[in-house]
Each structure stands twice: as structure tokens, then as C-alpha cells.
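Content type mmCIF, C-alpha atoms, from the file run.cif:
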data_entry
loop_
_atom_site.label_atom_id
_atom_site.label_comp_id
_atom_site.auth_asym_id
_atom_site.auth_seq_id
_atom_site.Cartn_x
_atom_site.Cartn_y
_atom_site.Cartn_z
CA MET T 45 0.00 0.00 0.00
CA ILE T 46 1.46 3.35 -1.07
CA ARG T 47 1.50 6.02 1.61
CA HIS T 48 2.32 9.72 1.34
CA PRO T 49 3.21 12.33 3.99
CA HIS T 50 0.50 14.61 5.32
CA PRO T 51 1.36 18.16 4.14
CA LEU T 52 1.25 19.55 7.68
CA THR T 53 2.33 16.75 9.99
CA GLY T 54 4.55 14.67 7.71
CA GLU T 55 2.87 11.49 8.97
CA LEU T 56 2.36 8.83 6.31
CA PHE T 57 -1.17 7.92 5.21
CA ALA T 58 -2.76 5.72 2.61
CA SER T 59 -5.39 7.14 0.24
CA PRO T 60 -8.23 6.99 1.13
CA VAL T 61 -7.34 7.47 4.80
CA PRO T 62 -8.47 4.59 7.05
CA PRO T 63 -10.51 5.87 10.01
CA GLY T 64 -8.79 6.30 13.34
CA THR T 65 -5.22 6.27 11.98
CA GLY T 66 -4.16 9.74 13.15
CA TRP T 67 -5.31 12.10 10.42
CA PRO T 68 -5.83 15.57 12.00
CA ASP T 69 -9.39 16.08 13.27
CA ASP T 70 -10.55 12.63 12.09
CA PRO T 71 -13.80 12.14 14.08
CA ALA T 72 -13.96 8.36 13.51
CA ARG T 73 -12.37 5.32 15.09
CA PRO T 74 -11.60 2.01 13.41
CA ASP T 75 -14.79 0.57 14.96
CA THR T 76 -17.13 3.44 14.02
CA SER T 77 -20.42 2.10 12.64
CA VAL T 78 -20.63 2.28 8.83
CA ALA T 79 -23.88 2.94 6.96
CA ARG T 80 -24.01 0.92 3.74
CA THR T 81 -27.66 1.50 2.77
CA ALA T 82 -30.14 4.36 2.94
CA ALA T 83 -31.97 2.54 5.74
CA GLN T 84 -28.76 2.30 7.73
CA VAL T 85 -28.12 6.02 7.24
CA ARG T 86 -31.53 6.77 8.72
CA ARG T 87 -30.84 4.48 11.67
CA LEU T 88 -27.31 5.70 12.40
CA ALA T 89 -28.29 9.36 12.02
CA ASP T 90 -30.41 8.85 15.15
CA ALA T 91 -27.34 9.48 17.29
CA ASP T 92 -26.78 10.58 20.87
CA SER T 93 -24.27 13.33 20.14
CA LEU T 94 -22.90 15.59 17.46
CA GLY T 95 -19.59 13.76 17.75
CA ASP T 96 -21.30 10.48 16.89
CA ILE T 97 -22.90 12.05 13.81
CA GLU T 98 -19.55 13.46 12.66
CA ALA T 99 -17.86 10.09 13.08
CA ARG T 100 -20.57 8.13 11.31
CA VAL T 101 -20.80 10.62 8.44
CA SER T 102 -17.05 10.34 7.88
CA VAL T 103 -17.20 6.61 7.14
CA CYS T 104 -20.56 6.41 5.34
CA SER T 105 -20.61 4.12 2.29
CA ALA T 106 -24.30 4.17 1.40
CA CYS T 107 -23.99 5.51 -2.17
CA PRO T 108 -21.94 3.15 -4.39
CA ARG T 109 -21.37 5.65 -7.21
CA LEU T 110 -20.07 8.30 -4.80
CA VAL T 111 -17.87 5.82 -2.97
CA ARG T 112 -16.27 4.75 -6.25
CA TRP T 113 -15.75 8.32 -7.38
CA ARG T 114 -14.29 9.72 -4.17
CA GLU T 115 -11.92 6.75 -3.86
CA ASP T 116 -10.92 6.78 -7.54
CA VAL T 117 -10.00 10.46 -7.21
CA ALA T 118 -8.03 9.65 -4.05
CA HIS T 119 -6.07 6.95 -5.87
CA VAL T 120 -5.45 8.76 -9.15
CA LYS T 121 -4.97 12.28 -7.64
CA ARG T 122 -4.56 15.57 -9.43
CA ALA T 123 -0.99 15.93 -10.69
CA SER T 124 -0.31 18.95 -8.49
CA PHE T 125 -1.21 16.91 -5.39
CA ALA T 126 0.32 13.59 -6.46
CA ASP T 127 2.73 13.61 -3.49
CA GLN T 128 -0.07 14.03 -0.93
CA PRO T 129 -2.46 11.58 0.72
CA TYR T 130 -6.14 12.12 -0.07
CA TRP T 131 -8.78 11.88 2.64
CA GLY T 132 -11.11 10.15 0.15
CA ARG T 133 -14.00 9.80 2.62
CA PRO T 134 -17.21 11.73 3.33
CA ILE T 135 -16.76 15.15 4.94
CA ALA T 136 -18.35 15.74 8.33
CA GLY T 137 -19.77 19.05 9.46
CA TRP T 138 -17.14 21.30 11.00
CA GLY T 139 -17.01 24.26 13.36
CA GLU T 140 -18.47 25.11 16.72
CA PRO T 141 -20.77 22.57 18.37
CA GLU T 142 -23.16 25.31 19.53
CA PRO T 143 -23.23 27.70 16.56
CA GLY T 144 -25.38 30.75 16.12
CA LEU T 145 -24.72 30.54 12.37
CA LEU T 146 -24.81 27.51 10.07
CA ILE T 147 -23.47 27.60 6.49
CA VAL T 148 -24.95 25.02 4.11
CA GLY T 149 -23.29 24.21 0.78
CA LEU T 150 -23.65 21.58 -1.92
CA ALA T 151 -20.89 18.95 -1.66
CA PRO T 152 -17.11 18.63 -1.22
CA ALA T 153 -14.85 19.23 -4.19
CA ALA T 154 -13.03 16.19 -5.56
CA ASN T 155 -9.59 17.76 -5.07
CA GLY T 156 -10.67 20.09 -2.26
CA GLY T 157 -12.45 18.65 0.76
CA ASN T 158 -12.06 15.13 -0.62
CA ARG T 159 -8.30 15.72 -0.43
CA THR T 160 -7.95 17.81 2.72
CA GLY T 161 -10.56 16.24 4.99
CA ARG T 162 -12.36 19.50 5.78
CA VAL T 163 -15.43 21.00 4.18
CA PHE T 164 -14.81 24.00 1.85
CA THR T 165 -11.05 23.56 2.17
CA GLY T 166 -8.35 23.25 -0.46
CA ASP T 167 -10.04 24.74 -3.53
CA SER T 168 -10.81 28.20 -4.88
CA SER T 169 -14.38 28.25 -3.52
CA GLY T 170 -13.06 27.60 -0.04
CA ASP T 171 -10.40 30.27 -0.49
CA TRP T 172 -13.10 32.84 -1.22
CA LEU T 173 -15.35 31.65 1.57
CA PHE T 174 -12.76 31.59 4.35
CA ALA T 175 -11.25 34.91 3.29
CA SER T 176 -14.67 36.50 3.68
CA LEU T 177 -15.38 34.77 6.99
CA HIS T 178 -12.06 36.05 8.31
CA ARG T 179 -12.69 39.60 7.11
CA VAL T 180 -16.00 39.76 8.98
CA GLY T 181 -14.73 38.05 12.12
CA LEU T 182 -16.22 34.57 11.72
CA ALA T 183 -12.97 32.68 11.10
CA ALA T 184 -9.68 32.84 12.95
CA GLN T 185 -7.53 32.72 9.79
CA ALA T 186 -7.88 34.03 6.25
CA THR T 187 -7.09 30.65 4.70
CA SER T 188 -8.13 27.04 5.23
CA THR T 189 -5.58 24.73 3.68
CA HIS T 190 -5.96 21.38 5.41
CA ALA T 191 -7.46 19.72 8.46
CA GLY T 192 -5.09 20.48 11.33
CA ASP T 193 -3.94 23.90 10.09
CA GLY T 194 -5.19 25.76 13.17
CA GLN T 195 -8.19 27.30 11.46
CA ARG T 196 -11.37 27.62 13.52
CA LEU T 197 -14.78 29.16 13.07
CA ILE T 198 -16.12 31.74 15.51
CA GLY T 199 -19.77 31.23 16.45
CA ALA T 200 -20.33 29.30 13.25
CA ARG T 201 -20.47 25.85 11.70
CA MET T 202 -20.45 24.64 8.09
CA VAL T 203 -21.86 21.55 6.40
CA ALA T 204 -22.41 20.17 2.92
CA ALA T 205 -25.84 18.90 1.94
CA VAL T 206 -24.18 15.88 0.31
CA ARG T 207 -21.09 14.67 2.16
CA CYS T 208 -19.16 12.93 -0.64
CA ALA T 209 -17.57 14.56 -3.68
CA PRO T 210 -19.86 13.79 -6.65
CA PRO T 211 -18.86 13.44 -10.31
CA ALA T 212 -19.29 16.77 -12.14
CA ASN T 213 -20.24 18.31 -8.76
CA MET T 214 -23.75 16.95 -9.19
CA PRO T 215 -25.23 14.24 -6.95
CA THR T 216 -28.27 12.34 -8.12
CA THR T 217 -31.63 12.86 -6.46
CA ALA T 218 -31.34 9.41 -4.86
CA GLU T 219 -27.89 10.27 -3.46
CA ARG T 220 -29.19 13.56 -2.11
CA ASP T 221 -32.10 11.83 -0.41
CA THR T 222 -29.89 9.08 1.02
CA CYS T 223 -27.56 11.67 2.57
CA GLU T 224 -30.29 13.97 3.84
CA PRO T 225 -30.77 12.31 7.28
CA TRP T 226 -27.21 13.34 8.21
CA LEU T 227 -28.03 17.00 7.57
CA ARG T 228 -31.37 16.73 9.34
CA ALA T 229 -29.75 15.13 12.39
CA GLU T 230 -26.98 17.72 12.53
CA ILE T 231 -29.40 20.64 12.29
CA ASP T 232 -31.57 19.07 14.96
CA MET T 233 -28.53 18.84 17.27
CA VAL T 234 -27.53 22.49 16.87
CA LEU T 235 -31.06 23.92 16.61
CA PRO T 236 -31.25 25.15 20.24
CA HIS T 237 -28.35 27.54 19.54
CA LEU T 238 -29.02 28.37 15.90
CA LYS T 239 -30.21 31.82 14.80
CA VAL T 240 -29.13 32.10 11.17
CA VAL T 241 -28.60 29.73 8.24
CA VAL T 242 -26.65 30.91 5.19
CA ALA T 243 -27.36 28.80 2.11
CA LEU T 244 -24.71 28.84 -0.63
CA GLY T 245 -26.39 28.55 -4.01
CA GLY T 246 -29.78 27.23 -4.97
CA TYR T 247 -28.85 23.67 -4.02
CA GLY T 248 -27.85 24.67 -0.51
CA TRP T 249 -31.01 26.80 -0.23
CA ALA T 250 -33.31 23.91 -1.18
CA ALA T 251 -31.44 21.52 1.13
CA ALA T 252 -31.71 23.95 4.03
CA LEU T 253 -35.45 24.42 3.49
CA ARG T 254 -36.06 20.67 3.44
CA ALA T 255 -33.94 20.09 6.53
CA LEU T 256 -35.53 22.93 8.51
CA ALA T 257 -39.00 21.62 7.66
CA SER T 258 -37.95 18.10 8.67
CA VAL T 259 -36.94 19.23 12.18
CA GLY T 260 -40.38 20.75 12.72
CA LEU T 261 -40.01 24.40 11.69
CA GLU T 262 -42.79 25.97 9.65
CA VAL T 263 -41.43 26.77 6.20
CA PRO T 264 -43.55 29.25 4.17
CA ARG T 265 -45.70 27.96 1.30
CA PRO T 266 -44.97 28.29 -1.51
CA ARG T 267 -41.32 27.64 -0.76
CA PRO T 268 -39.30 30.89 -0.84
CA LYS T 269 -37.16 31.33 -3.95
CA PHE T 270 -33.39 31.51 -3.76
CA GLY T 271 -31.60 34.75 -4.48
CA HIS T 272 -28.43 36.46 -3.38
CA ALA T 273 -29.11 38.28 -0.08
CA ALA T 274 -32.62 36.78 0.02
CA GLU T 275 -33.84 36.74 3.62
CA VAL T 276 -36.64 34.58 5.01
CA GLU T 277 -37.89 34.14 8.55
CA ILE T 278 -38.46 30.47 9.42
CA GLY T 279 -39.68 30.08 12.97
CA PRO T 280 -36.97 31.49 15.26
CA LEU T 281 -34.38 31.42 12.45
CA THR T 282 -33.44 33.58 9.50
CA LEU T 283 -32.42 31.92 6.23
CA LEU T 284 -30.08 33.99 4.05
CA GLY T 285 -29.22 33.22 0.44
CA CYS T 286 -25.76 33.73 -1.02
CA TYR T 287 -24.38 32.98 -4.46
CA HIS T 288 -22.03 30.03 -4.24
CA PRO T 289 -18.36 31.14 -4.41
CA SER T 290 -17.74 28.89 -7.39
CA GLN T 291 -15.28 29.88 -10.09
CA GLN T 292 -18.22 30.33 -12.46
CA ASN T 293 -19.56 33.05 -10.16
CA THR T 294 -16.33 34.63 -8.97
CA PHE T 295 -14.52 34.71 -12.33
CA THR T 296 -17.49 36.35 -14.04
CA GLY T 297 -18.04 38.95 -11.32
CA ARG T 298 -21.49 37.64 -10.47
CA LEU T 299 -20.16 37.32 -6.92
CA THR T 300 -17.64 39.82 -5.58
CA PRO T 301 -15.80 39.91 -2.23
CA ASP T 302 -17.99 42.81 -1.11
CA MET T 303 -21.16 40.88 -1.93
CA LEU T 304 -19.93 37.88 0.03
CA ASP T 305 -18.91 40.03 2.99
CA GLU T 306 -22.28 41.78 3.05
CA VAL T 307 -24.14 38.48 3.45
CA PHE T 308 -21.90 37.31 6.29
CA LEU T 309 -21.97 40.68 8.02
CA ARG T 310 -25.77 40.48 7.92
CA ALA T 311 -25.64 36.90 9.24
CA LYS T 312 -23.31 37.96 12.03
CA GLU T 313 -25.64 40.82 12.93
CA LEU T 314 -28.70 38.57 13.04
CA ALA T 315 -26.87 35.95 15.12
CA ALA T 316 -25.64 38.70 17.48
CA LEU T 317 -22.09 37.34 17.25
CA ARG T 318 -19.18 39.44 18.47
CA ASP T 319 -15.54 39.40 17.40
#

Structure encoded using C-alpha cells:
Amino acid sequence: MIRHPHPLTGELFASPVPPGTGWPDDPARPDTSVARTAAQVRRLADADSLGDIEARVSVCSACPRLVRWREDVAHVKRASFADQPYWGRPIAGWGEPEPGLLIVGLAPAANGGNRTGRVFTGDSSGDWLFASLHRVGLAAQATSTHAGDGQRLIGARMVAAVRCAPPANMPTTAERDTCEPWLRAEIDMVLPHLKVVVALGGYGWAAALRALASVGLEVPRPRPKFGHAAEVEIGPLTLLGCYHPSQQNTFTGRLTPDMLDEVFLRAKELAALRD
């Protein structure tokens, strides 16, 4: 088995990384329960703690197409990262366990989170996102390069609606539905502290609406439409829309740093978070 040194620690790891082998911030152990079907996801998502959800998410194998893809990418690697180990597993939610703000995105990038082991980390979208969070006082550092780099969120947490990197960045409807209990369970765990949800893109917006409805909050009918800076009251929470910081949006100027900062400054204000 070929192993490569972790970019930060120098410790050798296989790709994908076996659970409980020392990867920074790995929430799982070698004996963490693995969901291999949609029914098992629903059962294991009924967990006693946020830590249990994180661990079980990080070893989930319920979607065969996504398992093949994330592991194929981890084996083949992008040429620029050929000397690095790839996480190659699902990406758990990350940030504070009692957040006032939750950020919901689509899915990890094949050579981003799927490589680094942290959501929104290691690709250009993550670079934009964390730079903005740092500017407005929601992240301790301006960059997020890899799990274990010292980055932390301040009063916030981030999750992906689908936890595995999908081919062409597009999960199927069945894959989305199979993964949804993880998001529902995580939102249910943090709900007592939550004041604001920021949805990145239309996919994150729709996922957030479904998850909030599933934990018992009254979502308006008809469902509110996504838009940048859209703002909707849902029970005790506010849902904010934000264009996804994808290259398609940032390269074309559809999303600018100021636009991103404005959304997170508004989220920070609504969550009453202080620097």
C-alpha cells in the first residue's frame, strides 16, 4: 500500500485514509459504525451526540457511485497533489458545536475537501469563503488549507448537503435523499443555539429548506425562492441566500468579495455574534 506524507504533519497515510489512523481532526475510530444503505443512514443518524454524527458521516458508504468516485479520485490524484495523501472519505460538518450561524453548501470538491478532509477547504471556492469569513470576524484565519492547520470558526459551523464529492459536482436525487438524514440530524442537534442559516447557491437553499422543515419548523408555502441576499424568517431562524463562491460566479463577477462580505456581516448581525 502506497503512503504519502501529510502536508502539515509529515505522517504517512494511505489514500483513502483509514478511520482512526491519526489524520488531524478525524472524528472516527476504526470501529465506528458504517452505513451501507439508505436505511442504515436513517438508523445511524439517530445518534446521541454531534460527535457520533460526525464520526458516522465520515465513514458512510451508502452511495456506491459516490464511494467509487471519491476513492478513484483519491487513488489517481490531481498531478499537483500527487505527493499528498487524499482523505477520500465523506466530509463531516465542521465548526463550533453550539453555533449561532450555520453555512450550508452543496458537496465537497473532488480535489478540495475530498483531499484535505475539511469541508470547503483546499479549492478556490473555499479560499473565497474563508477569506470573507475572516474579514468579517467569523474565522480565525484568512485561509483554510488542510485539516489540522489551526483554522477555527467563531460562532459558526459549516456543512455540505451531500457529504461525498460527486462526479461533475452533481449528486443524483437518490444520493441527495440518502444523505439527507445526516443534515437533518446535525441541524436538529444544533437547533437550540441556531439563529441564522446561510445557504450557498440554490442547491444549498433547497437543502436547508427541506432540513428545517424536517426538524419541525414551519417553512412558508410556496417555498421561498433563492436569491443572493434573500432573507426569510423560518420560525426562530433567519435563512439567508448567497451565491455560491464557485469559479463560475467569482470569475465572471457575479459574486464579488464585497457581496460575500455583506451576506456574512448580515448573518453575524442577526446571530448577534461578536468578534

Q: Let me know the residues the PyMOL selection byres ((chain T and resi 197) around 10) catches in the file above, as a PyMOL selection string.
A: chain T and resi 138-140+143+174+177-178+181-185+195-196+198-202

Q: Go through T:Ser105, T:Ser176, T:Ser93, T:Ser168 one by one, measure the shortest atom-to-atom distance of each to Glu306 (chain T) using only C-alpha atoms, and give the residue with the smallest value.
A: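 With only C-alpha atoms as the atom set, the closest residue is T:Ser176.
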
Q. For Asp92 (chain T), which residue among T:Ala229, T:Ala186, T:Ala311, T:Ala106 is the nearest when counting all atoms listed in the file?
A.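 Ranking T:Ala229, T:Ala186, T:Ala311, T:Ala106 by distance to Asp92 (chain T), first place goes to T:Ala229.
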
Q: Determine the residue set returned by the PyMOL selection byres ((chain T and resi 291) around 12) for the present structure, and present it as a PyMOL selection string.
A: chain T and resi 167-173+287-290+292-300

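CA of Cys223 (chain T) is positioned 26.8 Å from CA of Phe57 (chain T).
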
Find the residues near region 277-284 of chain T: any atom within 8 Å, counting only C-alpha atoms, skip ones fewer than 6 places away on the same chain, and give them as a short mmCIF file (atom, residue, chain, number, x, y, z; two decimals) with C-alpha atoms, in the frame of the given file.
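Listing of part36.cif after writing:
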data_model
loop_
_atom_site.label_atom_id
_atom_site.label_comp_id
_atom_site.auth_asym_id
_atom_site.auth_seq_id
_atom_site.Cartn_x
_atom_site.Cartn_y
_atom_site.Cartn_z
CA LEU T 238 -29.02 28.37 15.90
CA LYS T 239 -30.21 31.82 14.80
CA VAL T 240 -29.13 32.10 11.17
CA VAL T 241 -28.60 29.73 8.24
CA VAL T 242 -26.65 30.91 5.19
CA ALA T 243 -27.36 28.80 2.11
CA LEU T 261 -40.01 24.40 11.69
CA GLU T 262 -42.79 25.97 9.65
CA VAL T 263 -41.43 26.77 6.20
CA PRO T 264 -43.55 29.25 4.17
CA VAL T 307 -24.14 38.48 3.45
CA ALA T 311 -25.64 36.90 9.24
CA LEU T 314 -28.70 38.57 13.04
#

Q: Write out as an MDAnalysis selection string each polymer residue whose atoms come within 9 Å of Ser77 (chain T), counting only C-alpha atoms; drop sequence neighbours fewer than 5 positions from it.
A: chainID T and resid 88 99:100 103:104

What would the file look like if the residues just selected were written as a PDB file, keeping the file's coordinate frame with C-alpha atoms?
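Final output, saved to result-v8.pdb:
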ATOM      1  CA  LEU T  88     -27.310   5.700  12.400  1.00  0.00           C
ATOM      2  CA  ALA T  99     -17.860  10.090  13.080  1.00  0.00           C
ATOM      3  CA  ARG T 100     -20.570   8.130  11.310  1.00  0.00           C
ATOM      4  CA  VAL T 103     -17.200   6.610   7.140  1.00  0.00           C
ATOM      5  CA  CYS T 104     -20.560   6.410   5.340  1.00  0.00           C
TER       6      CYS T 104
END

**Q.** Spatial neighbours of region 50-52 of chain T, 7 Å, all atoms listed in the file, chain gap at least 3 places, as a list in words
**A.**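 Once the adjacent positions are removed, what remains is Glu55, Leu56, Phe57, Gln128 and Pro129 of chain T.
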
Q) What does the distance from CA of Thr165 (chain T) to CA of Thr189 (chain T) come to in Å, to one decimal? A)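 Answer for the CA of Thr165 (chain T) to CA of Thr189 (chain T) separation: 5.8 Å.
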
Q: Within 7 Å of Cys208 (chain T), counting all atoms listed in the file, which residues show up once you throw out same-chain ones fewer than 3 positions away? Write them as number ranges by chain, please.
A: T: 110, 114, 133-135, 151-152
